[in-house]
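final.txt, holding compact mmCIF, all heavy atoms:
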```txt
# COMPACT_ATOMS: atom_id res chain seq x y z
N MET K 1 -3.82 -18.41 -4.31
CA MET K 1 -5.05 -18.94 -3.77
C MET K 1 -5.18 -20.42 -4.12
O MET K 1 -5.47 -20.78 -5.24
CB MET K 1 -6.24 -18.19 -4.32
CG MET K 1 -6.34 -16.78 -3.87
SD MET K 1 -7.89 -16.09 -4.45
CE MET K 1 -7.75 -14.51 -3.74
N GLU K 2 -4.95 -21.24 -3.16
CA GLU K 2 -4.94 -22.68 -3.40
C GLU K 2 -6.31 -23.22 -3.78
O GLU K 2 -6.41 -24.14 -4.57
CB GLU K 2 -4.44 -23.39 -2.16
CG GLU K 2 -3.02 -23.01 -1.80
CD GLU K 2 -2.63 -23.52 -0.45
OE1 GLU K 2 -3.31 -24.40 0.09
OE2 GLU K 2 -1.62 -23.04 0.08
N ILE K 3 -7.36 -22.66 -3.23
CA ILE K 3 -8.70 -23.18 -3.49
C ILE K 3 -9.07 -23.04 -4.96
O ILE K 3 -9.62 -23.94 -5.57
CB ILE K 3 -9.74 -22.46 -2.61
CG1 ILE K 3 -9.49 -22.80 -1.16
CG2 ILE K 3 -11.16 -22.86 -3.00
CD1 ILE K 3 -10.33 -22.02 -0.18
N LEU K 4 -8.75 -21.91 -5.54
CA LEU K 4 -9.10 -21.67 -6.93
C LEU K 4 -8.23 -22.46 -7.90
O LEU K 4 -8.66 -22.79 -8.99
CB LEU K 4 -9.02 -20.18 -7.25
CG LEU K 4 -9.95 -19.28 -6.45
CD1 LEU K 4 -9.72 -17.83 -6.83
CD2 LEU K 4 -11.40 -19.66 -6.67
N SER K 5 -7.01 -22.78 -7.51
CA SER K 5 -6.12 -23.50 -8.42
C SER K 5 -6.32 -25.00 -8.35
O SER K 5 -5.81 -25.73 -9.18
CB SER K 5 -4.67 -23.16 -8.11
OG SER K 5 -4.34 -23.60 -6.81
N ASP K 6 -7.08 -25.50 -7.39
CA ASP K 6 -7.29 -26.94 -7.25
C ASP K 6 -8.79 -27.24 -7.17
O ASP K 6 -9.31 -27.58 -6.11
CB ASP K 6 -6.58 -27.44 -5.98
CG ASP K 6 -6.61 -28.95 -5.87
OD1 ASP K 6 -6.73 -29.63 -6.90
OD2 ASP K 6 -6.50 -29.44 -4.73
N PRO K 7 -9.51 -27.12 -8.31
CA PRO K 7 -10.96 -27.34 -8.27
C PRO K 7 -11.30 -28.82 -8.09
O PRO K 7 -10.55 -29.69 -8.51
CB PRO K 7 -11.43 -26.84 -9.63
CG PRO K 7 -10.23 -26.98 -10.51
CD PRO K 7 -9.03 -26.78 -9.63
N THR K 8 -12.42 -29.07 -7.46
CA THR K 8 -12.89 -30.44 -7.32
C THR K 8 -13.53 -30.88 -8.63
O THR K 8 -13.94 -30.06 -9.44
CB THR K 8 -13.91 -30.55 -6.17
OG1 THR K 8 -14.99 -29.66 -6.46
CG2 THR K 8 -13.28 -30.19 -4.84
N PRO K 9 -13.63 -32.19 -8.88
CA PRO K 9 -14.18 -32.67 -10.16
C PRO K 9 -15.57 -32.14 -10.49
O PRO K 9 -15.84 -31.83 -11.65
CB PRO K 9 -14.22 -34.18 -9.98
CG PRO K 9 -13.17 -34.47 -8.97
CD PRO K 9 -13.16 -33.27 -8.06
N ASP K 10 -16.47 -31.99 -9.51
CA ASP K 10 -17.80 -31.49 -9.82
C ASP K 10 -17.79 -30.01 -10.18
O ASP K 10 -18.68 -29.51 -10.85
CB ASP K 10 -18.79 -31.76 -8.69
CG ASP K 10 -18.44 -31.01 -7.42
OD1 ASP K 10 -17.26 -30.98 -7.07
OD2 ASP K 10 -19.37 -30.50 -6.77
N MET K 11 -16.73 -29.28 -9.76
CA MET K 11 -16.63 -27.87 -10.12
C MET K 11 -16.08 -27.72 -11.54
O MET K 11 -16.22 -26.68 -12.15
CB MET K 11 -15.74 -27.13 -9.14
CG MET K 11 -16.35 -26.99 -7.78
SD MET K 11 -15.26 -26.08 -6.73
CE MET K 11 -16.43 -25.36 -5.63
N LEU K 12 -15.43 -28.77 -12.07
CA LEU K 12 -14.91 -28.71 -13.42
C LEU K 12 -16.03 -28.79 -14.45
O LEU K 12 -15.91 -28.29 -15.55
CB LEU K 12 -13.92 -29.86 -13.65
CG LEU K 12 -12.63 -29.79 -12.85
CD1 LEU K 12 -11.81 -31.05 -13.09
CD2 LEU K 12 -11.83 -28.58 -13.25
N ALA K 13 -17.12 -29.46 -14.10
CA ALA K 13 -18.24 -29.61 -15.01
C ALA K 13 -19.02 -28.29 -15.08
O ALA K 13 -19.41 -27.74 -14.06
CB ALA K 13 -19.15 -30.73 -14.55
N MET K 14 -19.23 -27.81 -16.29
CA MET K 14 -20.00 -26.58 -16.48
C MET K 14 -21.46 -26.87 -16.18
O MET K 14 -22.00 -27.88 -16.62
CB MET K 14 -19.90 -26.10 -17.93
CG MET K 14 -18.59 -25.48 -18.24
SD MET K 14 -18.56 -23.83 -17.58
CE MET K 14 -17.37 -23.10 -18.62
N PRO K 15 -22.11 -25.99 -15.43
CA PRO K 15 -23.54 -26.18 -15.18
C PRO K 15 -24.31 -25.94 -16.49
O PRO K 15 -24.11 -24.92 -17.15
CB PRO K 15 -23.87 -25.13 -14.13
CG PRO K 15 -22.80 -24.09 -14.28
CD PRO K 15 -21.59 -24.80 -14.78
N ARG K 16 -25.13 -26.89 -16.86
CA ARG K 16 -25.85 -26.80 -18.14
C ARG K 16 -27.34 -27.04 -17.94
O ARG K 16 -27.76 -27.75 -17.04
CB ARG K 16 -25.30 -27.81 -19.13
CG ARG K 16 -23.84 -27.54 -19.47
CD ARG K 16 -23.39 -28.37 -20.64
NE ARG K 16 -22.00 -28.12 -20.94
CZ ARG K 16 -21.57 -27.21 -21.81
NH1 ARG K 16 -22.42 -26.47 -22.45
NH2 ARG K 16 -20.29 -27.04 -22.03
N PHE K 17 -28.11 -26.44 -18.84
CA PHE K 17 -29.54 -26.70 -18.90
C PHE K 17 -29.76 -28.02 -19.63
O PHE K 17 -28.83 -28.61 -20.18
CB PHE K 17 -30.26 -25.56 -19.65
CG PHE K 17 -30.27 -24.26 -18.90
CD1 PHE K 17 -29.55 -23.16 -19.34
CD2 PHE K 17 -31.03 -24.11 -17.74
CE1 PHE K 17 -29.56 -21.96 -18.67
CE2 PHE K 17 -31.05 -22.91 -17.05
CZ PHE K 17 -30.33 -21.84 -17.51
N ASP K 18 -30.99 -28.49 -19.66
CA ASP K 18 -31.32 -29.74 -20.34
C ASP K 18 -30.99 -29.69 -21.83
O ASP K 18 -30.67 -30.71 -22.43
CB ASP K 18 -32.81 -30.08 -20.15
CG ASP K 18 -33.12 -30.44 -18.71
OD1 ASP K 18 -32.19 -30.86 -17.98
OD2 ASP K 18 -34.29 -30.29 -18.32
N ASP K 19 -31.07 -28.51 -22.44
CA ASP K 19 -30.79 -28.40 -23.88
C ASP K 19 -29.30 -28.26 -24.18
O ASP K 19 -28.90 -28.16 -25.32
CB ASP K 19 -31.57 -27.23 -24.49
CG ASP K 19 -31.13 -25.87 -23.96
OD1 ASP K 19 -30.28 -25.83 -23.04
OD2 ASP K 19 -31.66 -24.85 -24.44
N GLY K 20 -28.45 -28.26 -23.15
CA GLY K 20 -27.00 -28.20 -23.33
C GLY K 20 -26.40 -26.81 -23.20
O GLY K 20 -25.18 -26.66 -23.21
N ALA K 21 -27.23 -25.79 -23.11
CA ALA K 21 -26.72 -24.42 -22.95
C ALA K 21 -26.15 -24.25 -21.54
O ALA K 21 -26.62 -24.84 -20.58
CB ALA K 21 -27.84 -23.42 -23.18
N ILE K 22 -25.12 -23.43 -21.44
CA ILE K 22 -24.47 -23.18 -20.15
C ILE K 22 -25.37 -22.31 -19.29
O ILE K 22 -25.87 -21.28 -19.72
CB ILE K 22 -23.10 -22.52 -20.35
CG1 ILE K 22 -22.17 -23.46 -21.10
CG2 ILE K 22 -22.49 -22.12 -19.01
CD1 ILE K 22 -20.85 -22.84 -21.48
N ASP K 23 -25.55 -22.73 -18.04
CA ASP K 23 -26.34 -21.97 -17.07
C ASP K 23 -25.43 -20.91 -16.45
O ASP K 23 -24.69 -21.18 -15.50
CB ASP K 23 -26.89 -22.92 -16.01
CG ASP K 23 -27.79 -22.24 -15.00
OD1 ASP K 23 -27.92 -21.01 -15.05
OD2 ASP K 23 -28.36 -22.97 -14.17
N MET K 24 -25.45 -19.71 -17.00
CA MET K 24 -24.55 -18.65 -16.57
C MET K 24 -24.81 -18.22 -15.12
O MET K 24 -23.88 -17.87 -14.41
CB MET K 24 -24.66 -17.44 -17.50
CG MET K 24 -24.18 -17.73 -18.92
SD MET K 24 -22.47 -18.28 -18.96
CE MET K 24 -21.62 -16.78 -18.63
N GLN K 25 -26.06 -18.24 -14.69
CA GLN K 25 -26.38 -17.84 -13.33
C GLN K 25 -25.76 -18.80 -12.32
O GLN K 25 -25.16 -18.39 -11.34
CB GLN K 25 -27.89 -17.77 -13.14
CG GLN K 25 -28.30 -17.25 -11.78
CD GLN K 25 -29.81 -17.08 -11.66
OE1 GLN K 25 -30.57 -17.49 -12.53
NE2 GLN K 25 -30.24 -16.48 -10.58
N ASP K 26 -25.86 -20.09 -12.59
CA ASP K 26 -25.27 -21.08 -11.69
C ASP K 26 -23.75 -21.03 -11.75
O ASP K 26 -23.06 -21.17 -10.73
CB ASP K 26 -25.77 -22.49 -12.04
CG ASP K 26 -25.41 -23.50 -10.98
OD1 ASP K 26 -25.37 -23.14 -9.78
OD2 ASP K 26 -25.18 -24.68 -11.34
N LEU K 27 -23.19 -20.81 -12.94
CA LEU K 27 -21.75 -20.68 -13.08
C LEU K 27 -21.23 -19.49 -12.27
O LEU K 27 -20.24 -19.61 -11.54
CB LEU K 27 -21.36 -20.52 -14.56
CG LEU K 27 -19.89 -20.34 -14.85
CD1 LEU K 27 -19.08 -21.54 -14.39
CD2 LEU K 27 -19.68 -20.08 -16.34
N LEU K 28 -21.90 -18.36 -12.38
CA LEU K 28 -21.51 -17.17 -11.61
C LEU K 28 -21.63 -17.41 -10.11
O LEU K 28 -20.76 -17.00 -9.34
CB LEU K 28 -22.35 -15.97 -12.02
CG LEU K 28 -22.02 -14.66 -11.34
CD1 LEU K 28 -20.58 -14.25 -11.62
CD2 LEU K 28 -22.96 -13.58 -11.79
N ARG K 29 -22.67 -18.12 -9.69
CA ARG K 29 -22.85 -18.42 -8.27
C ARG K 29 -21.69 -19.29 -7.77
O ARG K 29 -21.13 -19.05 -6.70
CB ARG K 29 -24.18 -19.15 -8.03
CG ARG K 29 -24.44 -19.44 -6.55
CD ARG K 29 -25.55 -20.46 -6.34
NE ARG K 29 -25.27 -21.74 -6.97
CZ ARG K 29 -24.45 -22.68 -6.48
NH1 ARG K 29 -23.78 -22.46 -5.37
NH2 ARG K 29 -24.27 -23.82 -7.11
N ARG K 30 -21.30 -20.31 -8.55
CA ARG K 30 -20.20 -21.19 -8.15
C ARG K 30 -18.88 -20.44 -8.06
O ARG K 30 -18.12 -20.62 -7.11
CB ARG K 30 -20.05 -22.34 -9.15
CG ARG K 30 -21.14 -23.36 -9.08
CD ARG K 30 -20.86 -24.45 -10.06
NE ARG K 30 -21.94 -25.40 -10.19
CZ ARG K 30 -21.85 -26.53 -10.85
NH1 ARG K 30 -20.73 -26.86 -11.46
NH2 ARG K 30 -22.88 -27.35 -10.92
N LEU K 31 -18.61 -19.61 -9.06
CA LEU K 31 -17.36 -18.85 -9.05
C LEU K 31 -17.32 -17.85 -7.90
O LEU K 31 -16.28 -17.70 -7.23
CB LEU K 31 -17.19 -18.12 -10.38
CG LEU K 31 -16.91 -19.02 -11.59
CD1 LEU K 31 -16.93 -18.20 -12.86
CD2 LEU K 31 -15.61 -19.75 -11.43
N THR K 32 -18.44 -17.19 -7.64
CA THR K 32 -18.51 -16.25 -6.53
C THR K 32 -18.29 -16.97 -5.20
O THR K 32 -17.56 -16.48 -4.33
CB THR K 32 -19.87 -15.52 -6.52
OG1 THR K 32 -20.04 -14.87 -7.77
CG2 THR K 32 -19.96 -14.52 -5.39
N GLU K 33 -18.88 -18.14 -5.06
CA GLU K 33 -18.71 -18.92 -3.84
C GLU K 33 -17.25 -19.29 -3.62
O GLU K 33 -16.74 -19.19 -2.50
CB GLU K 33 -19.58 -20.19 -3.91
CG GLU K 33 -19.52 -21.04 -2.68
CD GLU K 33 -20.39 -22.29 -2.78
OE1 GLU K 33 -21.10 -22.46 -3.79
OE2 GLU K 33 -20.36 -23.09 -1.84
N GLN K 34 -16.56 -19.70 -4.69
CA GLN K 34 -15.14 -20.06 -4.57
C GLN K 34 -14.30 -18.85 -4.14
O GLN K 34 -13.43 -18.98 -3.27
CB GLN K 34 -14.61 -20.59 -5.90
CG GLN K 34 -15.06 -21.96 -6.24
CD GLN K 34 -14.48 -22.42 -7.57
OE1 GLN K 34 -13.99 -21.63 -8.36
NE2 GLN K 34 -14.56 -23.71 -7.82
N VAL K 35 -14.56 -17.71 -4.75
CA VAL K 35 -13.78 -16.51 -4.43
C VAL K 35 -14.03 -16.07 -2.99
O VAL K 35 -13.10 -15.77 -2.25
CB VAL K 35 -14.09 -15.37 -5.43
CG1 VAL K 35 -13.50 -14.06 -4.96
CG2 VAL K 35 -13.59 -15.73 -6.81
N VAL K 36 -15.30 -16.05 -2.58
CA VAL K 36 -15.64 -15.61 -1.22
C VAL K 36 -15.02 -16.57 -0.20
O VAL K 36 -14.46 -16.14 0.82
CB VAL K 36 -17.16 -15.50 -1.04
CG1 VAL K 36 -17.54 -15.33 0.41
CG2 VAL K 36 -17.70 -14.34 -1.86
N ASN K 37 -15.09 -17.87 -0.45
CA ASN K 37 -14.49 -18.84 0.47
C ASN K 37 -12.98 -18.67 0.55
O ASN K 37 -12.39 -18.77 1.63
CB ASN K 37 -14.85 -20.26 0.07
CG ASN K 37 -16.26 -20.63 0.44
OD1 ASN K 37 -16.84 -20.05 1.36
ND2 ASN K 37 -16.83 -21.57 -0.28
N ALA K 38 -12.34 -18.40 -0.58
CA ALA K 38 -10.89 -18.20 -0.58
C ALA K 38 -10.50 -16.96 0.21
O ALA K 38 -9.54 -16.97 0.97
CB ALA K 38 -10.38 -18.10 -2.02
N VAL K 39 -11.27 -15.88 0.05
CA VAL K 39 -10.99 -14.64 0.77
C VAL K 39 -11.19 -14.85 2.27
O VAL K 39 -10.35 -14.42 3.09
CB VAL K 39 -11.88 -13.49 0.25
CG1 VAL K 39 -11.81 -12.29 1.16
CG2 VAL K 39 -11.46 -13.12 -1.16
N MET K 40 -12.28 -15.50 2.66
CA MET K 40 -12.54 -15.73 4.09
C MET K 40 -11.48 -16.65 4.69
O MET K 40 -11.05 -16.45 5.83
CB MET K 40 -13.93 -16.33 4.29
CG MET K 40 -15.04 -15.34 4.05
SD MET K 40 -16.69 -15.87 4.56
CE MET K 40 -16.86 -17.46 3.81
N ASP K 41 -11.03 -17.65 3.94
CA ASP K 41 -10.01 -18.56 4.43
C ASP K 41 -8.69 -17.82 4.63
O ASP K 41 -8.02 -17.99 5.65
CB ASP K 41 -9.83 -19.72 3.45
CG ASP K 41 -8.95 -20.82 4.01
OD1 ASP K 41 -9.10 -21.15 5.21
OD2 ASP K 41 -8.12 -21.36 3.24
N ALA K 42 -8.34 -16.99 3.67
CA ALA K 42 -7.10 -16.21 3.79
C ALA K 42 -7.17 -15.24 4.97
O ALA K 42 -6.20 -15.07 5.71
CB ALA K 42 -6.83 -15.47 2.50
N GLU K 43 -8.32 -14.63 5.15
CA GLU K 43 -8.49 -13.69 6.26
C GLU K 43 -8.41 -14.41 7.60
O GLU K 43 -7.78 -13.92 8.55
CB GLU K 43 -9.83 -12.97 6.13
CG GLU K 43 -10.02 -11.86 7.13
CD GLU K 43 -11.31 -11.09 6.88
OE1 GLU K 43 -11.59 -10.76 5.73
OE2 GLU K 43 -12.00 -10.82 7.88
N ALA K 44 -9.01 -15.59 7.69
CA ALA K 44 -8.95 -16.36 8.94
C ALA K 44 -7.52 -16.79 9.23
O ALA K 44 -7.07 -16.74 10.38
CB ALA K 44 -9.87 -17.58 8.86
N ASP K 45 -6.78 -17.20 8.20
CA ASP K 45 -5.38 -17.58 8.39
C ASP K 45 -4.56 -16.38 8.87
O ASP K 45 -3.71 -16.52 9.74
CB ASP K 45 -4.78 -18.12 7.09
CG ASP K 45 -5.22 -19.53 6.78
OD1 ASP K 45 -5.71 -20.22 7.70
OD2 ASP K 45 -5.08 -19.95 5.61
N GLN K 46 -4.83 -15.23 8.31
CA GLN K 46 -4.10 -14.03 8.70
C GLN K 46 -4.39 -13.65 10.15
O GLN K 46 -3.50 -13.31 10.91
CB GLN K 46 -4.46 -12.88 7.77
CG GLN K 46 -3.67 -11.62 8.04
CD GLN K 46 -4.10 -10.49 7.11
OE1 GLN K 46 -5.19 -10.50 6.57
NE2 GLN K 46 -3.22 -9.52 6.94
N LEU K 47 -5.65 -13.72 10.54
CA LEU K 47 -6.03 -13.37 11.91
C LEU K 47 -5.50 -14.37 12.93
O LEU K 47 -5.23 -14.02 14.07
CB LEU K 47 -7.55 -13.25 12.03
CG LEU K 47 -8.17 -12.07 11.29
CD1 LEU K 47 -9.70 -12.18 11.33
CD2 LEU K 47 -7.71 -10.76 11.87
N CYS K 48 -5.35 -15.62 12.52
CA CYS K 48 -4.86 -16.65 13.44
C CYS K 48 -3.35 -16.80 13.39
O CYS K 48 -2.80 -17.68 14.02
CB CYS K 48 -5.49 -18.00 13.10
SG CYS K 48 -7.25 -18.04 13.41
N GLY K 49 -2.68 -15.97 12.63
CA GLY K 49 -1.23 -16.04 12.56
C GLY K 49 -0.74 -17.19 11.71
O GLY K 49 0.42 -17.55 11.78
N GLY K 50 -1.60 -17.78 10.90
CA GLY K 50 -1.18 -18.85 10.01
C GLY K 50 -0.94 -20.17 10.70
O GLY K 50 -0.40 -21.09 10.11
N GLY K 51 -1.31 -20.31 11.97
CA GLY K 51 -1.12 -21.56 12.68
C GLY K 51 -1.98 -22.68 12.10
O GLY K 51 -3.12 -22.48 11.76
N ALA K 52 -1.39 -23.86 11.97
CA ALA K 52 -2.09 -24.97 11.34
C ALA K 52 -3.29 -25.45 12.14
O ALA K 52 -4.33 -25.77 11.59
CB ALA K 52 -1.11 -26.11 11.11
N ASN K 53 -3.15 -25.49 13.47
CA ASN K 53 -4.22 -26.05 14.28
C ASN K 53 -4.91 -25.03 15.18
O ASN K 53 -5.71 -25.40 16.03
CB ASN K 53 -3.68 -27.17 15.16
CG ASN K 53 -3.25 -28.36 14.35
OD1 ASN K 53 -3.85 -28.66 13.33
ND2 ASN K 53 -2.18 -29.02 14.77
N SER K 54 -4.63 -23.78 15.01
CA SER K 54 -5.20 -22.80 15.92
C SER K 54 -6.60 -22.33 15.50
O SER K 54 -7.32 -21.77 16.30
CB SER K 54 -4.28 -21.60 16.05
OG SER K 54 -4.14 -20.94 14.81
N ARG K 55 -7.01 -22.55 14.25
CA ARG K 55 -8.32 -22.07 13.80
C ARG K 55 -9.47 -22.84 14.41
O ARG K 55 -10.56 -22.34 14.53
CB ARG K 55 -8.40 -22.15 12.28
CG ARG K 55 -7.61 -21.04 11.63
CD ARG K 55 -7.69 -21.08 10.16
NE ARG K 55 -9.05 -21.02 9.68
CZ ARG K 55 -9.40 -21.16 8.43
NH1 ARG K 55 -8.48 -21.39 7.53
NH2 ARG K 55 -10.66 -21.11 8.07
N ASN K 56 -9.23 -24.10 14.79
CA ASN K 56 -10.33 -24.89 15.35
C ASN K 56 -10.42 -24.76 16.88
O ASN K 56 -11.22 -25.42 17.49
CB ASN K 56 -10.21 -26.36 14.94
CG ASN K 56 -8.98 -27.03 15.49
OD1 ASN K 56 -8.24 -26.45 16.26
ND2 ASN K 56 -8.76 -28.27 15.09
N GLY K 57 -9.57 -23.95 17.48
CA GLY K 57 -9.64 -23.71 18.91
C GLY K 57 -8.72 -24.61 19.74
O GLY K 57 -8.63 -24.46 20.95
N TYR K 58 -8.07 -25.57 19.11
CA TYR K 58 -7.17 -26.49 19.81
C TYR K 58 -5.75 -26.32 19.28
O TYR K 58 -5.55 -25.90 18.17
CB TYR K 58 -7.62 -27.94 19.62
CG TYR K 58 -8.96 -28.22 20.22
CD1 TYR K 58 -10.12 -28.18 19.44
CD2 TYR K 58 -9.09 -28.51 21.56
CE1 TYR K 58 -11.36 -28.42 19.98
CE2 TYR K 58 -10.33 -28.76 22.13
CZ TYR K 58 -11.45 -28.71 21.33
OH TYR K 58 -12.68 -28.95 21.88
N ARG K 59 -4.81 -26.70 20.10
CA ARG K 59 -3.40 -26.65 19.66
C ARG K 59 -2.84 -28.04 19.54
O ARG K 59 -3.23 -28.95 20.16
CB ARG K 59 -2.57 -25.84 20.65
CG ARG K 59 -2.94 -24.41 20.61
CD ARG K 59 -1.97 -23.62 21.49
NE ARG K 59 -2.35 -22.23 21.43
CZ ARG K 59 -1.72 -21.32 20.71
NH1 ARG K 59 -0.66 -21.66 20.04
NH2 ARG K 59 -2.12 -20.09 20.70
```

Hey, can you dump this file as structure tokens for me?
Amino acid sequence: MEILSDPTPDMLAMPRFDDGAIDMQDLLRRLTEQVVNAVMDAEADQLCGGGANSRNGYR
């Protein structure tokens, strides 16, 4: 899964409260979003036959 292995810089920063404690709810939301996006991307690639330009409707 390429998306999970190449996080963007803002995803590297742990979500924290003002007192410095880690915001577990926001962390879980971010991780869930990454996993769901990776699954949907893989499924779309599989349904489109892995074509580089076929997902946007153009060839």

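For the choices K:Ala42, K:Leu27, K:Val36, K:Leu47, the atom-to-atom distance to Ala13 in chain K is smallest for K:Leu27 when using only C-alpha atoms.
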
For range 22-31 of chain K, what centre and edge lengths in Å (one decimal) does the axis-aligned box get once 8 Å is added on each side of all its listed atoms, as AutoDock Vina command-line options?
```
--center_x -23.1 --center_y -20.5 --center_z -13.4 --size_x 31.0 --size_y 29.8 --size_z 32.1
```

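Here CZ of Arg30 in chain K is placed at a distance of 12.8 Å from atom N of Asp18 in chain K.
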
> How many Å lie between NH1 of Arg29 in chain K and CB of Asp41 in chain K, rounded to one decimal?
Replying inline: 16.7 Å

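Straight-line separation from CA of Asp19 in chain K to CA of Leu31 in chain K: 22.2 Å.
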